>>> print(open('my_file-v8.cif').read())   # mmCIF, C-alpha atoms
data_work
loop_
_atom_site.label_atom_id
_atom_site.label_comp_id
_atom_site.auth_asym_id
_atom_site.auth_seq_id
_atom_site.Cartn_x
_atom_site.Cartn_y
_atom_site.Cartn_z
CA MET A 1 -18.53 -66.41 -39.32
CA ILE A 2 -19.24 -64.44 -36.15
CA ALA A 3 -17.78 -60.96 -35.81
CA MET A 4 -17.77 -58.88 -32.67
CA GLY A 5 -17.87 -55.11 -32.98
CA VAL A 6 -16.87 -52.88 -30.08
CA ASP A 7 -17.27 -49.14 -29.61
CA PRO A 8 -14.86 -48.53 -26.73
CA GLY A 9 -15.43 -46.14 -23.87
CA THR A 10 -14.71 -46.11 -20.15
CA ALA A 11 -18.23 -45.11 -19.07
CA ILE A 12 -20.16 -46.90 -21.84
CA THR A 13 -18.70 -49.56 -24.13
CA GLY A 14 -20.93 -50.75 -26.95
CA TYR A 15 -20.70 -54.33 -28.21
CA ALA A 16 -22.38 -56.37 -30.93
CA PHE A 17 -22.18 -59.88 -32.32
CA LEU A 18 -23.16 -60.44 -35.94
CA GLU A 19 -23.08 -63.75 -37.75
CA GLU A 20 -22.88 -64.13 -41.50
CA ARG A 21 -24.63 -67.32 -42.49
CA ASN A 22 -25.98 -68.29 -45.91
CA SER A 23 -25.18 -64.81 -47.27
CA ARG A 24 -27.35 -63.22 -44.57
CA LEU A 25 -26.44 -61.27 -41.47
CA TRP A 26 -27.93 -62.30 -38.16
CA VAL A 27 -27.80 -60.21 -35.00
CA LEU A 28 -26.88 -62.51 -32.14
CA GLU A 29 -26.69 -59.87 -29.41
CA TYR A 30 -25.87 -56.24 -28.87
CA GLY A 31 -25.76 -53.91 -25.91
CA VAL A 32 -23.47 -51.94 -23.65
CA VAL A 33 -21.23 -52.39 -20.65
CA ARG A 34 -21.81 -49.47 -18.30
CA SER A 35 -19.36 -48.28 -15.68
CA ARG A 36 -19.82 -45.49 -13.21
CA PRO A 37 -17.63 -42.53 -14.15
CA THR A 38 -16.99 -42.02 -10.44
CA ASP A 39 -15.37 -45.47 -10.07
CA PRO A 40 -11.58 -45.58 -10.25
CA LEU A 41 -10.26 -46.18 -13.77
CA PRO A 42 -8.70 -49.59 -12.98
CA GLN A 43 -12.08 -50.81 -11.68
CA ARG A 44 -13.87 -49.61 -14.83
CA LEU A 45 -11.24 -51.24 -17.07
CA GLU A 46 -11.51 -54.52 -15.18
CA LYS A 47 -15.30 -54.52 -15.60
CA ILE A 48 -15.01 -53.88 -19.36
CA HIS A 49 -12.40 -56.62 -19.69
CA ARG A 50 -14.36 -59.15 -17.60
CA GLU A 51 -17.78 -58.59 -19.18
CA LEU A 52 -16.55 -58.49 -22.77
CA ARG A 53 -14.37 -61.56 -22.22
CA GLN A 54 -17.42 -63.45 -20.89
CA LEU A 55 -19.35 -62.47 -24.01
CA MET A 56 -16.44 -63.53 -26.23
CA GLU A 57 -16.37 -66.91 -24.47
CA THR A 58 -20.11 -67.29 -25.07
CA TYR A 59 -20.13 -66.40 -28.78
CA SER A 60 -16.58 -67.39 -29.85
CA PRO A 61 -16.23 -64.72 -32.53
CA ALA A 62 -13.77 -65.31 -35.36
CA ALA A 63 -12.72 -61.67 -35.14
CA LEU A 64 -13.06 -58.57 -33.02
CA ALA A 65 -13.52 -55.30 -34.88
CA LEU A 66 -12.65 -52.16 -32.99
CA GLU A 67 -12.96 -48.52 -33.90
CA SER A 68 -9.52 -46.99 -34.17
CA ILE A 69 -8.58 -43.94 -32.16
CA PHE A 70 -9.81 -40.75 -33.72
CA TYR A 71 -8.61 -37.24 -33.12
CA ALA A 72 -9.55 -36.17 -29.61
CA GLN A 73 -9.75 -32.55 -28.62
CA PHE A 74 -8.30 -33.34 -25.21
CA ALA A 75 -5.20 -35.50 -24.79
CA ARG A 76 -6.50 -36.93 -21.49
CA SER A 77 -9.67 -38.21 -23.21
CA ALA A 78 -7.61 -39.96 -25.88
CA LEU A 79 -5.34 -41.49 -23.24
CA VAL A 80 -8.24 -42.82 -21.15
CA LEU A 81 -9.92 -44.20 -24.29
CA GLY A 82 -6.64 -45.92 -25.12
CA HIS A 83 -6.78 -47.71 -21.77
CA ALA A 84 -10.26 -49.06 -22.57
CA ARG A 85 -9.12 -50.18 -26.01
CA GLY A 86 -6.17 -51.96 -24.40
CA ALA A 87 -8.40 -53.84 -21.94
CA ILE A 88 -10.61 -54.95 -24.84
CA MET A 89 -7.65 -56.03 -26.99
CA VAL A 90 -6.14 -58.04 -24.12
CA ALA A 91 -9.46 -59.84 -23.57
CA ALA A 92 -9.61 -60.80 -27.25
CA HIS A 93 -5.94 -61.73 -27.52
CA SER A 94 -6.12 -63.93 -24.41
CA LEU A 95 -8.79 -65.99 -26.21
CA GLY A 96 -6.91 -66.09 -29.53
CA ILE A 97 -9.35 -63.75 -31.26
CA PRO A 98 -7.69 -61.53 -33.88
CA VAL A 99 -8.34 -57.79 -33.60
CA THR A 100 -8.91 -55.53 -36.60
CA GLU A 101 -9.23 -51.77 -36.34
CA TYR A 102 -11.34 -49.53 -38.57
CA ALA A 103 -11.30 -45.75 -38.81
CA PRO A 104 -14.58 -44.12 -37.74
CA ARG A 105 -15.09 -42.65 -41.23
CA LEU A 106 -14.69 -46.11 -42.81
CA VAL A 107 -17.26 -47.59 -40.42
CA LYS A 108 -19.75 -44.82 -41.26
CA LYS A 109 -19.10 -45.27 -44.97
CA ALA A 110 -19.78 -49.01 -44.71
CA ALA A 111 -22.96 -48.44 -42.71
CA VAL A 112 -24.40 -45.37 -44.42
CA GLY A 113 -22.46 -44.85 -47.62
CA ARG A 114 -20.61 -41.72 -46.51
CA GLY A 115 -17.94 -41.11 -43.90
CA GLY A 116 -19.51 -38.00 -42.41
CA ALA A 117 -22.78 -39.63 -41.33
CA SER A 118 -24.37 -38.74 -37.99
CA LYS A 119 -24.92 -41.22 -35.17
CA GLU A 120 -28.66 -41.07 -35.90
CA GLN A 121 -28.07 -42.01 -39.54
CA VAL A 122 -25.83 -44.91 -38.50
CA ALA A 123 -28.51 -46.24 -36.12
CA ALA A 124 -31.25 -45.88 -38.77
CA LEU A 125 -29.23 -47.72 -41.42
CA MET A 126 -28.26 -50.48 -38.98
CA LYS A 127 -31.96 -50.97 -38.29
CA THR A 128 -32.56 -51.30 -42.04
CA HIS A 129 -29.49 -53.38 -42.98
CA LEU A 130 -29.96 -55.79 -40.08
CA GLN A 131 -33.78 -55.86 -40.25
CA LEU A 132 -34.20 -54.83 -36.63
CA ARG A 133 -37.68 -54.01 -35.31
CA GLU A 134 -36.54 -50.79 -33.66
CA LEU A 135 -33.59 -48.44 -33.68
CA PRO A 136 -30.65 -49.93 -31.80
CA LYS A 137 -30.05 -48.01 -28.58
CA PRO A 138 -28.02 -46.54 -27.06
CA ALA A 139 -25.83 -44.98 -29.75
CA ASP A 140 -22.79 -46.92 -28.47
CA ALA A 141 -24.55 -50.22 -29.23
CA ALA A 142 -25.62 -48.96 -32.68
CA ASP A 143 -22.00 -47.97 -33.35
CA ALA A 144 -20.83 -51.44 -32.29
CA LEU A 145 -23.29 -52.99 -34.76
CA ALA A 146 -21.89 -50.73 -37.48
CA ILE A 147 -18.32 -51.73 -36.61
CA ALA A 148 -19.16 -55.45 -36.82
CA PHE A 149 -21.10 -54.78 -40.04
CA CYS A 150 -18.08 -52.96 -41.50
CA HIS A 151 -15.81 -55.88 -40.61
CA LEU A 152 -18.07 -58.44 -42.27
CA GLN A 153 -18.32 -56.31 -45.41
CA HIS A 154 -14.54 -55.94 -45.48
CA ALA A 155 -14.03 -59.69 -44.94
CA ARG A 156 -16.51 -60.46 -47.74
CA ARG A 157 -14.63 -58.15 -50.13
CA GLN A 158 -11.29 -59.70 -49.20
CA ALA A 159 -12.65 -63.21 -49.76
CA LEU A 160 -13.98 -62.14 -53.16
CA VAL A 161 -10.62 -60.66 -54.15
CA LEU A 162 -8.78 -63.81 -53.01
CA SER A 163 -11.16 -66.12 -54.89
CA THR A 164 -10.78 -63.97 -58.01
CA LYS A 165 -6.98 -64.13 -57.79
CA LYS A 166 -7.07 -67.93 -57.28
CA SER A 167 -9.36 -68.47 -60.26
CA LYS A 168 -7.05 -66.41 -62.47
CA ARG A 169 -4.10 -68.63 -61.51
CA MET A 170 -5.93 -71.86 -62.27
CA PRO A 171 -5.11 -73.38 -65.66
CA ALA A 172 -8.06 -73.70 -68.02
#
>>> encode(input="my_file-v8.cif", output="structure tokens")
Amino acid sequence: MIAMGVDPGTAITGYAFLEERNSRLWVLEYGVVRSRPTDPLPQRLEKIHRELRQLMETYSPAALALESIFYAQFARSALVLGHARGAIMVAAHSLGIPVTEYAPRLVKKAAVGRGGASKEQVAALMKTHLQLRELPKPADAADALAIAFCHLQHARRQALVLSTKKSKRMPA
């Protein structure tokens, strides 16, 4: 199963593709889509949509995991972030890729073991969990790895729960 994790932003959007194969996680690719903050918002959104859609077409993920909106100090920041999230969701939906959202605290808990972890701790644990040679950079890409990692952990737990329920229903 290939999962795509995305840390949305209008200036920098982090992305990552992880594959779970033979009970191991493999990093297929991670990085960022950069847009100039001086470009008009529609142009930045189109670039995010186009580049992430191309990556989705290349890797054909079974799911896209996206960080849910967190509390923003400024309403305008939350609104602009919502536009980026929408462009990403449309790209996934247009390819038939289901979207799952995770709260930032849940992503940090999956990656580090506690919901209040710093970005540096998330990057360090992603390096360890995914056996990377160096810290994933920039932080947006490390966050995208953590989001994909969180999704695969969640999917693994759900599969375990479903298999347990099925085995309990089977007659002996």
>>> resolve_selection(input="my_file-v8.cif", expression="the PyMOL selection byres ((chain A and resi 135-149) around 6)", output="ChimeraX atom specification")
/A:3-7,14-16,31-32,65,107,111,123,127,134,150-152
>>> closest_residue(input="my_file-v8.cif", among="A:His154, A:Ser77, A:Gly86, A:Glu29", to="A:Lys109", atoms="only C-alpha atoms")
A:His154
>>> closest_residue(input="my_file-v8.cif", among="A:Val27, A:Leu81, A:Leu106, A:Met89", to="A:Arg133", atoms="only C-alpha atoms")
A:Val27
>>> residues_around(input="my_file-v8.cif", residues="A:Gln54", least_positions_apart="3", cutoff="12 Å", atoms="all atoms listed in the file", output="ChimeraX atom specification")
/A:33,47-51,57-61,88,91-92,94-95
>>> closest_residue(input="my_file-v8.cif", among="A:Arg36, A:Gln121, A:Met1, A:Pro8", to="A:Arg21", atoms="only C-alpha atoms")
A:Met1
>>> atom_distance(input="my_file-v8.cif", atom1="atom CA of A:Arg85", atom2="atom CA of A:Glu120")
23.7 Å
